$ cat my_file28.txt   # compact mmCIF, C-alpha atoms and all ligand atoms
# COMPACT_ATOMS: atom_id res chain seq x y z
CA MET A 1 -17.23 -10.38 -15.89
CA SER A 2 -16.94 -12.58 -12.87
CA ARG A 3 -15.09 -11.32 -9.85
CA VAL A 4 -14.12 -13.16 -6.76
CA PRO A 5 -16.68 -12.46 -4.04
CA SER A 6 -15.01 -10.10 -1.62
CA PRO A 7 -16.78 -9.68 1.68
CA VAL A 8 -13.63 -8.54 3.47
CA SER A 9 -11.73 -5.54 2.22
CA SER A 10 -10.98 -3.36 5.19
CA PRO A 11 -7.32 -3.33 6.17
CA ALA A 12 -8.49 -2.00 9.54
CA LEU A 13 -10.22 -5.31 10.25
CA SER A 14 -8.29 -7.30 12.82
CA PRO A 15 -6.66 -10.36 11.28
CA VAL A 16 -8.12 -12.32 14.20
CA LEU A 17 -11.62 -11.53 12.95
CA SER A 18 -10.88 -12.30 9.30
CA PRO A 19 -12.59 -15.43 8.00
CA PRO A 20 -10.30 -18.22 6.82
CA LEU A 21 -9.26 -17.69 3.23
CA SER A 22 -9.45 -20.55 0.81
CA PRO A 23 -7.56 -20.63 -2.47
CA LEU A 24 -9.66 -21.06 -5.56
CA LEU A 25 -8.55 -22.38 -8.90
CA SER A 26 -11.24 -21.89 -11.50
CA PRO A 27 -10.83 -23.87 -14.72
CA LEU A 28 -10.60 -21.92 -17.99
CA ALA A 29 -9.30 -24.56 -20.38
CA PRO A 30 -7.73 -28.01 -19.95
CA GLY A 31 -4.91 -27.48 -17.42
CA VAL A 32 -5.45 -23.72 -17.28
CA TYR A 33 -6.94 -21.98 -14.26
CA THR A 34 -7.38 -18.60 -12.70
CA GLY A 35 -6.24 -18.48 -9.13
CA ALA A 36 -7.69 -16.17 -6.52
CA VAL A 37 -8.31 -16.20 -2.83
CA ASP A 38 -11.87 -16.24 -1.62
CA GLY A 39 -12.59 -13.41 0.75
CA ALA A 40 -9.58 -11.38 -0.32
CA ASP A 41 -9.41 -7.67 -1.02
CA PRO A 42 -11.41 -6.89 -4.19
CA SER A 43 -8.41 -5.22 -5.75
CA PHE A 44 -6.56 -8.54 -5.95
CA SER A 45 -6.83 -9.53 -9.58
CA PRO A 46 -6.69 -13.18 -10.55
CA SER A 47 -3.50 -15.07 -11.22
CA LEU A 48 -3.16 -17.37 -14.20
CA VAL A 49 -2.07 -20.96 -13.58
CA ALA A 50 -1.22 -23.09 -16.62
CA ILE A 51 -0.25 -26.72 -15.97
CA GLY A 52 1.80 -27.97 -18.90
CA ARG A 53 3.51 -31.22 -19.82
CA ASP A 54 6.50 -30.83 -17.53
CA GLY A 55 5.85 -27.81 -15.37
CA VAL A 56 3.50 -25.08 -14.25
CA LEU A 57 3.38 -21.43 -15.33
CA VAL A 58 2.03 -18.88 -12.85
CA VAL A 59 1.34 -15.29 -13.92
CA ASP A 60 0.91 -12.55 -11.31
CA PRO A 61 1.10 -14.64 -8.14
CA GLY A 62 -0.47 -12.04 -5.86
CA PRO A 63 0.19 -9.60 -3.02
CA ASN A 64 2.03 -11.43 -0.26
CA LEU A 65 3.73 -14.57 1.04
CA ARG A 66 0.54 -15.93 2.61
CA HIS A 67 -1.45 -15.59 -0.59
CA GLY A 68 1.37 -17.16 -2.61
CA ARG A 69 1.61 -20.15 -0.27
CA ARG A 70 -2.15 -20.71 -0.53
CA LEU A 71 -1.94 -20.54 -4.30
CA ILE A 72 0.89 -23.10 -4.26
CA ALA A 73 -1.20 -25.38 -2.03
CA ALA A 74 -4.08 -25.11 -4.49
CA ILE A 75 -1.74 -25.94 -7.40
CA ARG A 76 -0.40 -28.93 -5.45
CA ARG A 77 -3.91 -30.33 -5.18
CA ARG A 78 -4.07 -30.35 -8.99
CA THR A 79 -0.58 -31.48 -9.95
CA ALA A 80 2.78 -32.64 -8.58
CA LEU A 81 4.62 -30.97 -11.47
CA PRO A 82 7.03 -28.20 -10.42
CA VAL A 83 6.17 -24.54 -10.86
CA ARG A 84 8.87 -23.65 -13.37
CA TRP A 85 7.91 -20.17 -14.48
CA VAL A 86 6.53 -17.17 -12.56
CA VAL A 87 5.71 -14.16 -14.73
CA ASN A 88 5.25 -10.65 -13.35
CA SER A 89 3.04 -8.88 -15.89
CA HIS A 90 3.61 -5.40 -14.49
CA PRO A 91 5.28 -3.71 -11.53
CA HIS A 92 2.38 -3.32 -9.09
CA PRO A 93 2.78 -4.73 -5.57
CA ARG A 94 -0.57 -6.55 -5.39
CA GLN A 95 0.47 -8.67 -8.34
CA VAL A 96 4.16 -9.34 -7.65
CA LEU A 97 4.95 -9.59 -3.95
CA ALA A 98 3.75 -13.20 -3.66
CA ASN A 99 6.89 -14.06 -5.66
CA ALA A 100 8.29 -14.61 -2.15
CA ALA A 101 6.27 -17.82 -1.71
CA PHE A 102 7.38 -19.24 -5.06
CA ALA A 103 11.03 -18.47 -4.27
CA GLU A 104 10.73 -21.02 -1.41
CA LEU A 105 10.10 -23.83 -3.90
CA ARG A 106 12.80 -26.29 -4.92
CA PRO A 107 13.61 -26.39 -7.72
CA ARG A 108 13.27 -22.62 -7.72
CA PRO A 109 11.13 -21.34 -10.59
CA ALA A 110 12.41 -18.81 -13.12
CA PHE A 111 10.97 -15.36 -12.35
CA LEU A 112 10.38 -13.52 -15.62
CA ALA A 113 9.29 -10.02 -16.62
CA SER A 114 9.86 -7.44 -19.33
CA PRO A 115 13.06 -5.39 -18.90
CA ALA A 116 11.03 -2.29 -17.96
CA THR A 117 8.95 -4.17 -15.37
CA ALA A 118 12.08 -5.78 -13.90
CA GLU A 119 13.77 -2.38 -13.68
CA ARG A 120 10.71 -0.75 -12.08
CA MET A 121 10.48 -3.53 -9.53
CA ARG A 122 14.18 -3.14 -8.74
CA SER A 123 13.79 0.58 -8.12
CA ARG A 124 10.34 0.66 -6.52
CA CYS A 125 9.58 -2.62 -4.74
CA ASP A 126 10.99 -1.39 -1.42
CA ALA A 127 8.55 1.52 -1.40
CA CYS A 128 5.73 -0.67 -2.76
CA LEU A 129 6.22 -3.22 0.02
CA ARG A 130 6.04 -0.46 2.64
CA GLN A 131 2.90 0.89 0.97
CA LEU A 132 1.20 -2.50 0.96
CA VAL A 133 2.11 -3.09 4.62
CA ALA A 134 0.42 0.25 5.36
CA GLU A 135 -2.67 -0.74 3.34
CA LEU A 136 -3.11 -4.39 4.33
CA GLY A 137 -1.41 -4.47 7.73
CA SER A 138 1.81 -6.10 8.85
CA ALA A 139 0.05 -9.38 9.72
CA ALA A 140 -1.15 -9.85 6.14
CA MET A 141 2.28 -9.03 4.80
CA ALA A 142 4.27 -11.05 7.36
CA GLY A 143 7.38 -12.69 5.91
CA THR A 144 6.86 -11.11 2.49
CA THR A 145 10.20 -10.29 0.89
CA ILE A 146 11.08 -8.87 -2.49
CA VAL A 147 11.99 -11.36 -5.20
CA LEU A 148 13.02 -9.71 -8.43
CA PRO A 149 12.38 -11.21 -11.88
CA ARG A 150 14.88 -11.59 -14.71
CA PRO A 151 14.34 -9.11 -17.57
CA ALA A 152 13.72 -11.98 -19.97
CA LEU A 153 10.37 -11.29 -21.65
CA ARG A 154 10.52 -9.41 -24.91
CA GLU A 155 7.91 -8.27 -27.38
CA GLY A 156 7.39 -10.90 -30.03
CA ALA A 157 9.64 -13.56 -28.41
CA PRO A 158 7.40 -16.48 -27.46
CA LEU A 159 7.35 -18.07 -24.03
CA ASP A 160 7.22 -21.86 -24.23
CA ALA A 161 5.92 -23.16 -20.94
CA GLY A 162 5.30 -26.88 -20.58
CA GLY A 163 4.12 -27.41 -24.14
CA VAL A 164 1.97 -24.28 -24.36
CA ARG A 165 3.35 -21.50 -26.54
CA TRP A 166 2.48 -17.99 -25.36
CA GLN A 167 2.93 -14.94 -27.55
CA VAL A 168 4.49 -12.17 -25.49
CA ARG A 169 3.24 -8.63 -25.95
CA VAL A 170 5.11 -5.92 -24.06
CA LEU A 171 3.04 -2.74 -23.96
CA ALA A 172 4.82 0.34 -22.66
CA ASN A 173 3.16 3.15 -20.70
CA ALA A 174 -0.36 1.73 -20.61
CA HIS A 175 -1.87 0.61 -17.25
CA SER A 176 1.65 0.91 -15.85
CA ALA A 177 5.13 1.71 -17.17
CA SER A 178 5.23 -1.73 -18.78
CA ASP A 179 2.42 -4.26 -19.13
CA THR A 180 3.11 -7.72 -20.47
CA ALA A 181 0.19 -9.58 -22.01
CA LEU A 182 0.38 -13.29 -22.85
CA TYR A 183 -1.68 -14.83 -25.62
CA ALA A 184 -2.00 -18.56 -26.30
CA PRO A 185 -3.36 -19.02 -29.86
CA ALA A 186 -3.97 -22.74 -29.30
CA LEU A 187 -6.22 -21.92 -26.34
CA ARG A 188 -7.61 -18.65 -27.75
CA LEU A 189 -6.77 -17.28 -24.30
CA LEU A 190 -5.39 -13.84 -23.49
CA PHE A 191 -3.89 -12.84 -20.17
CA ALA A 192 -4.18 -9.05 -20.16
CA GLY A 193 -3.42 -8.36 -16.48
CA GLY A 194 -4.20 -4.83 -15.33
CA LEU A 195 -5.10 -3.64 -18.82
CA ALA A 196 -8.57 -5.20 -19.00
CA MET A 197 -10.84 -3.97 -16.23
CA GLY A 198 -14.34 -4.76 -17.47
CA GLU A 199 -16.97 -2.47 -15.98
CA ARG A 200 -14.63 -1.10 -13.32
CA VAL A 201 -13.16 2.37 -13.63
CA PRO A 202 -9.51 2.02 -14.71
CA ASP A 203 -6.82 3.63 -12.58
CA LEU A 204 -4.62 6.00 -14.59
CA ARG A 205 -2.38 7.02 -11.68
CA ASP A 206 0.59 5.02 -12.88
CA GLY A 207 -0.38 4.86 -16.55
CA SER A 208 -1.05 6.79 -19.71
CA LEU A 209 -4.44 7.38 -21.34
CA THR A 210 -3.16 7.21 -24.91
CA GLY A 211 -0.76 4.36 -24.15
CA TRP A 212 -3.52 2.32 -22.52
CA GLN A 213 -5.86 2.92 -25.47
CA ALA A 214 -3.14 1.81 -27.90
CA ALA A 215 -2.43 -1.31 -25.83
CA LEU A 216 -6.11 -2.34 -25.78
CA ARG A 217 -6.49 -1.71 -29.51
CA ALA A 218 -3.46 -3.95 -30.11
CA LEU A 219 -4.92 -6.71 -27.92
CA SER A 220 -8.44 -6.33 -29.37
CA VAL A 221 -7.35 -7.79 -32.70
CA LEU A 222 -6.18 -11.07 -31.14
CA PRO A 223 -8.75 -13.83 -31.74
CA ALA A 224 -9.36 -14.66 -28.09
CA ASP A 225 -12.43 -16.33 -26.59
CA THR A 226 -11.36 -15.75 -22.99
CA VAL A 227 -9.57 -12.81 -21.40
CA VAL A 228 -8.06 -12.83 -17.93
CA GLY A 229 -7.73 -9.29 -16.70
CA ASP A 230 -9.06 -7.71 -13.56
CA GLY A 231 -11.69 -10.43 -13.87
CA VAL A 232 -12.39 -13.19 -16.36
CA GLY A 233 -14.68 -13.06 -19.36
CA THR A 234 -14.95 -12.56 -23.09
CA PRO A 235 -13.12 -9.71 -24.87
CA ARG A 236 -16.47 -7.93 -25.01
CA GLN A 237 -16.83 -8.18 -21.24
CA CYS A 238 -13.23 -7.44 -20.30
CA ILE A 239 -11.60 -5.24 -22.96
CA VAL A 240 -14.42 -3.40 -24.71
CA PRO A 241 -15.76 -1.57 -21.61
CA THR A 242 -12.29 -0.38 -20.53
CA LEU A 243 -11.56 0.93 -24.01
CA ALA A 244 -14.99 2.61 -24.18
CA TYR A 245 -14.25 4.44 -20.93
CA LEU A 246 -10.79 5.55 -22.06
CA ASP A 247 -12.09 6.66 -25.49
CA SER A 248 -14.88 8.62 -23.82
CA LEU A 249 -12.37 10.26 -21.49
CA GLU A 250 -10.19 11.25 -24.44
CA ARG A 251 -13.15 12.59 -26.42
CA GLY A 252 -14.45 14.66 -23.51
CA ILE A 253 -11.05 16.15 -22.71
CA ARG A 254 -10.27 17.02 -26.32
CA GLN A 255 -13.66 18.74 -26.62
CA GLY A 256 -12.98 20.62 -23.38
CA LEU A 257 -9.55 21.73 -24.53
CA ALA A 258 -10.98 22.87 -27.87
CA ALA A 259 -13.65 24.85 -26.03
CA GLY A 260 -11.04 26.61 -23.89
CA VAL A 261 -11.93 24.89 -20.60
CA ASP A 262 -9.06 25.02 -18.09
CA ALA A 263 -7.83 22.17 -15.92
CA ALA A 264 -9.63 23.52 -12.83
CA ASN A 265 -12.97 22.90 -14.55
CA ALA A 266 -11.98 19.64 -16.19
CA LEU A 267 -14.40 17.43 -14.27
CA ARG A 268 -17.35 19.60 -15.30
CA ALA A 269 -16.31 19.13 -18.92
CA VAL A 270 -15.92 15.36 -18.53
CA PRO A 271 -18.50 14.23 -15.95
CA GLY A 272 -18.41 10.58 -17.13
CA GLU A 273 -22.17 10.11 -16.62
CA ALA A 274 -22.28 6.89 -18.63
CA PHE A 275 -19.88 5.24 -16.17
CA ARG A 276 -21.25 6.55 -12.89
CA HIS A 277 -22.61 3.12 -11.91
CA TRP A 278 -19.22 1.43 -12.32
CA GLN A 279 -17.25 0.21 -9.35
CA GLY A 280 -14.64 2.76 -8.30
CA PHE A 281 -16.24 5.72 -10.11
CA VAL A 282 -15.81 7.81 -6.98
CA PRO A 283 -13.10 8.92 -6.54
CA ARG A 284 -11.23 7.40 -9.45
CA HIS A 285 -12.97 9.11 -12.35
CA ALA A 286 -12.15 12.59 -11.03
CA LEU A 287 -8.51 11.59 -10.53
CA ASN A 288 -8.40 10.09 -14.03
CA VAL A 289 -9.75 13.30 -15.54
CA GLN A 290 -7.01 15.33 -13.85
CA ARG A 291 -4.30 12.90 -14.89
CA ALA A 292 -5.48 12.51 -18.49
CA TRP A 293 -6.17 16.24 -18.83
CA LEU A 294 -2.51 17.01 -18.07
CA GLU A 295 -1.38 14.35 -20.54
CA LEU A 296 -3.56 15.63 -23.40
CA GLU A 297 -3.14 19.31 -22.55
CA ASP A 298 0.60 18.87 -22.84
CA GLU A 299 0.15 17.39 -26.29
CA TRP A 300 -2.38 20.12 -27.18
CA MET A 301 0.05 22.87 -26.12
CA ARG A 302 2.78 21.39 -28.27
CA GLY A 303 0.37 21.71 -31.17
CA ALA A 304 0.24 18.03 -31.96
CA PRO A 305 -2.56 17.24 -34.39
CA ALA A 306 -5.55 15.42 -32.92
CA ARG A 307 -5.36 11.68 -33.53
ZN ZN B 401 -1.77 -2.91 -11.73

$ encode --input "my_file28.txt" --output "structure tokens"
Amino acid sequence: MSRVPSPVSSPALSPVLSPPLSPLLSPLAPGVYTGAVDGADPSFSPSLVAIGRDGVLVVDPGPNLRHGRRLIAAIRRRTALPVRWVVNSHPHPRQVLANAAFAELRPRPAFLASPATAERMRSRCDACLRQLVAELGSAAMAGTTIVLPRPALREGAPLDAGGVRWQVRVLANAHSASDTALYAPALRLLFAGGLAMGERVPDLRDGSLTGWQAALRALSVLPADTVVGDGVGTPRQCIVPTLAYLDSLERGIRQGLAAGVDAANALRAVPGEAFRHWQGFVPRHALNVQRAWLELEDEWMRGAPAR
């Protein structure tokens, strides 16, 4: 699982002291790249850039106007073709707010998302923008405005982008309220966005344990060689560890519930020892246990049979 080196992550650091950021496009397949910004916050996951016959597809352009403009400059060094499609895979600010940079382009690209992601962005982007300004600082977010996508991506309806056909998978209540994965059979390439975290503790705050497990099981059967998620790697590197963590969380909580443990002692029942060395274990694992405990306890109380 390769991640972008990230020496600078503190929002408290003065922008004056920040090193210059350079946009990186790393090749994955002919015409297909991951885009990231060297030196950026480690929680910025890579974008996907696919240069087709007559236009460029960009998935998850990033957190702000500045980042988006750098990504566009990096694309320009590879091709003069217009960016025609910008896909927002899910409604999290670090992935979508760089839409602002792409909205400056002429011709203006089509901004596309699932109906649930588009709706979430419509209702939450104001608050998300304020939150990201608080986290990254107003200098980093300068000029960043909200650009909403069209609710045009639907499960099973392919996206044809410049000669590459992408299968669209819309996965509800997984990493977020709605996660869109894109799979190109001809490239054996899967863009899984926030669903595939590799050896990094997933964040269940805005998601669902059982929904996320189901989403990863659905994606696991796709014959992909390369997965772009929170990093880039093989399915074994990107998807398998995340699913192992979530399955272990489920197993531990179900055993705890069966043994009569209450929510106050949840973390003792599910210490997550096997994942202690993963990035983000503290504090995220404890928060995940609380979140997932409530989800499964609710099901347990309703007497649903164990899956
Ligand atoms: Zn996310």

$ residues_near_ligand --input "my_file28.txt" --ligand "ligand ZN 401 (chain B)" --cutoff "12 Å" --atoms "only C-alpha atoms and all ligand atoms" --output "JSON, numbers by chain"
{"A": [43, 44, 45, 46, 60, 62, 63, 88, 89, 90, 91, 92, 93, 94, 95, 96, 117, 128, 173, 174, 175, 176, 177, 178, 179, 180, 192, 193, 194, 195, 196, 197, 202, 203, 204, 205, 206, 207, 229, 230]}

$ residues_around --input "my_file28.txt" --residues "Pro271 of chain A" --least-positions-apart "4" --cutoff "10 Å" --atoms "all atoms listed in the file" --output "ChimeraX atom specification"
/A:249,252,266-267,275-276,285-286,289

$ closest_residue --input "my_file28.txt" --among "A:Gly137, A:Pro109, A:Pro151, A:Gly35" --to "Arg122 of chain A" --atoms "only C-alpha atoms"
A:Pro151

$ residues_near_point --input "my_file28.txt" --point "(-1.8, 1.6, -23.5)" --cutoff "7 Å" --atoms "all atoms listed in the file" --output "VMD selection string"
chain A and resid 171 to 175 208 to 216

$ residues_around --input "my_file28.txt" --residues "Val261 of chain A" --least-positions-apart "6" --cutoff "12 Å" --atoms "all atoms listed in the file" --output "ChimeraX atom specification"
/A:252-255,267-270,293,297

$ residues_around --input "my_file28.txt" --residues "Gln237 of chain A" --least-positions-apart "2" --cutoff "9 Å" --atoms "all atoms listed in the file" --output "list in words"
Met1, Met197, Gly198, Glu199, Val227, Val232, Gly233, Thr234, Pro235, Ile239, Val240 and Pro241 of chain A

$ closest_residue --input "my_file28.txt" --among "A:Leu57, A:Leu257, A:Ala103, A:Ala181" --to "Leu222 of chain A" --atoms "all atoms listed in the file"
A:Ala181

$ closest_residue --input "my_file28.txt" --among "A:Arg78, A:Arg150, A:His277, A:Arg84" --to "Phe102 of chain A" --atoms "all atoms listed in the file"
A:Arg84

$ closest_residue --input "my_file28.txt" --among "A:Val201, A:Leu190, A:Leu243, A:Val147" --to "Arg217 of chain A" --atoms "all atoms listed in the file"
A:Leu243

$ residues_near_point --input "my_file28.txt" --point "(1.1, -24.6, -4.2)" --cutoff "12 Å" --atoms "all atoms listed in the file" --output "compact mmCIF listing (two decimals) with C-alpha atoms, keeping the file's coordinate frame"
# COMPACT_ATOMS: atom_id res chain seq x y z
CA PRO A 23 -7.56 -20.63 -2.47
CA LEU A 24 -9.66 -21.06 -5.56
CA LEU A 25 -8.55 -22.38 -8.90
CA GLY A 35 -6.24 -18.48 -9.13
CA VAL A 49 -2.07 -20.96 -13.58
CA VAL A 56 3.50 -25.08 -14.25
CA LEU A 57 3.38 -21.43 -15.33
CA VAL A 58 2.03 -18.88 -12.85
CA PRO A 61 1.10 -14.64 -8.14
CA LEU A 65 3.73 -14.57 1.04
CA ARG A 66 0.54 -15.93 2.61
CA HIS A 67 -1.45 -15.59 -0.59
CA GLY A 68 1.37 -17.16 -2.61
CA ARG A 69 1.61 -20.15 -0.27
CA ARG A 70 -2.15 -20.71 -0.53
CA LEU A 71 -1.94 -20.54 -4.30
CA ILE A 72 0.89 -23.10 -4.26
CA ALA A 73 -1.20 -25.38 -2.03
CA ALA A 74 -4.08 -25.11 -4.49
CA ILE A 75 -1.74 -25.94 -7.40
CA ARG A 76 -0.40 -28.93 -5.45
CA ARG A 77 -3.91 -30.33 -5.18
CA ARG A 78 -4.07 -30.35 -8.99
CA THR A 79 -0.58 -31.48 -9.95
CA ALA A 80 2.78 -32.64 -8.58
CA LEU A 81 4.62 -30.97 -11.47
CA PRO A 82 7.03 -28.20 -10.42
CA VAL A 83 6.17 -24.54 -10.86
CA ALA A 98 3.75 -13.20 -3.66
CA ALA A 101 6.27 -17.82 -1.71
CA PHE A 102 7.38 -19.24 -5.06
CA ALA A 103 11.03 -18.47 -4.27
CA GLU A 104 10.73 -21.02 -1.41
CA LEU A 105 10.10 -23.83 -3.90
CA ARG A 106 12.80 -26.29 -4.92

$ build_atoms --input "my_file28.txt" --residues "segment 237-268 of chain A" --atoms "N, CA and C atoms" --output "CSV table (one decimal), in the coordinates of the input"
chain,number,residue,atom,x,y,z
A,237,GLN,N,-16.6,-8.5,-22.7
A,237,GLN,CA,-16.8,-8.2,-21.2
A,237,GLN,C,-15.6,-7.5,-20.6
A,238,CYS,N,-14.4,-7.9,-21.0
A,238,CYS,CA,-13.2,-7.4,-20.3
A,238,CYS,C,-12.5,-6.2,-20.9
A,239,ILE,N,-12.4,-6.3,-22.3
A,239,ILE,CA,-11.6,-5.2,-23.0
A,239,ILE,C,-12.5,-4.1,-23.4
A,240,VAL,N,-13.6,-4.4,-24.1
A,240,VAL,CA,-14.4,-3.4,-24.7
A,240,VAL,C,-14.9,-2.3,-23.7
A,241,PRO,N,-15.3,-2.6,-22.5
A,241,PRO,CA,-15.8,-1.6,-21.6
A,241,PRO,C,-14.6,-0.6,-21.2
A,242,THR,N,-13.4,-1.2,-20.9
A,242,THR,CA,-12.3,-0.4,-20.5
A,242,THR,C,-11.9,0.6,-21.7
A,243,LEU,N,-11.9,0.1,-22.9
A,243,LEU,CA,-11.6,0.9,-24.0
A,243,LEU,C,-12.6,2.0,-24.2
A,244,ALA,N,-13.9,1.6,-24.0
A,244,ALA,CA,-15.0,2.6,-24.2
A,244,ALA,C,-14.8,3.7,-23.2
A,245,TYR,N,-14.5,3.4,-22.0
A,245,TYR,CA,-14.2,4.4,-20.9
A,245,TYR,C,-13.1,5.4,-21.3
A,246,LEU,N,-12.0,4.7,-21.7
A,246,LEU,CA,-10.8,5.6,-22.1
A,246,LEU,C,-11.1,6.4,-23.3
A,247,ASP,N,-11.8,5.9,-24.3
A,247,ASP,CA,-12.1,6.7,-25.5
A,247,ASP,C,-13.0,7.8,-25.1
A,248,SER,N,-14.0,7.6,-24.2
A,248,SER,CA,-14.9,8.6,-23.8
A,248,SER,C,-14.1,9.7,-23.1
A,249,LEU,N,-13.2,9.3,-22.2
A,249,LEU,CA,-12.4,10.3,-21.5
A,249,LEU,C,-11.6,11.1,-22.5
A,250,GLU,N,-11.0,10.5,-23.5
A,250,GLU,CA,-10.2,11.2,-24.4
A,250,GLU,C,-11.1,12.2,-25.2
A,251,ARG,N,-12.2,11.7,-25.6
A,251,ARG,CA,-13.2,12.6,-26.4
A,251,ARG,C,-13.6,13.8,-25.6
A,252,GLY,N,-14.0,13.6,-24.4
A,252,GLY,CA,-14.4,14.7,-23.5
A,252,GLY,C,-13.4,15.7,-23.3
A,253,ILE,N,-12.2,15.2,-23.0
A,253,ILE,CA,-11.0,16.2,-22.7
A,253,ILE,C,-10.7,16.9,-23.9
A,254,ARG,N,-10.6,16.3,-25.1
A,254,ARG,CA,-10.3,17.0,-26.3
A,254,ARG,C,-11.3,18.1,-26.6
A,255,GLN,N,-12.6,17.7,-26.4
A,255,GLN,CA,-13.7,18.7,-26.6
A,255,GLN,C,-13.5,19.9,-25.6
A,256,GLY,N,-13.2,19.6,-24.4
A,256,GLY,CA,-13.0,20.6,-23.4
A,256,GLY,C,-11.8,21.5,-23.7
A,257,LEU,N,-10.7,20.9,-24.2
A,257,LEU,CA,-9.6,21.7,-24.5
A,257,LEU,C,-9.9,22.6,-25.7
A,258,ALA,N,-10.6,22.1,-26.7
A,258,ALA,CA,-11.0,22.9,-27.9
A,258,ALA,C,-11.9,24.0,-27.5
A,259,ALA,N,-12.7,23.8,-26.4
A,259,ALA,CA,-13.6,24.8,-26.0
A,259,ALA,C,-13.0,25.8,-25.1
A,260,GLY,N,-11.7,25.7,-24.8
A,260,GLY,CA,-11.0,26.6,-23.9
A,260,GLY,C,-11.2,26.4,-22.4
A,261,VAL,N,-11.8,25.2,-22.0
A,261,VAL,CA,-11.9,24.9,-20.6
A,261,VAL,C,-10.5,24.7,-20.0
A,262,ASP,N,-10.4,25.2,-18.7
A,262,ASP,CA,-9.1,25.0,-18.1
A,262,ASP,C,-9.1,23.8,-17.1
A,263,ALA,N,-7.9,23.4,-16.7
A,263,ALA,CA,-7.8,22.2,-15.9
A,263,ALA,C,-8.7,22.2,-14.7
A,264,ALA,N,-8.9,23.4,-14.1
A,264,ALA,CA,-9.6,23.5,-12.8
A,264,ALA,C,-11.1,23.1,-13.0
A,265,ASN,N,-11.6,23.2,-14.3
A,265,ASN,CA,-13.0,22.9,-14.6
A,265,ASN,C,-13.1,21.6,-15.4
A,266,ALA,N,-12.0,20.8,-15.3
A,266,ALA,CA,-12.0,19.6,-16.2
A,266,ALA,C,-13.1,18.7,-15.9
A,267,LEU,N,-13.4,18.4,-14.6
A,267,LEU,CA,-14.4,17.4,-14.3
A,267,LEU,C,-15.8,17.8,-14.8
A,268,ARG,N,-16.1,19.1,-14.8
A,268,ARG,CA,-17.4,19.6,-15.3
A,268,ARG,C,-17.5,19.3,-16.8
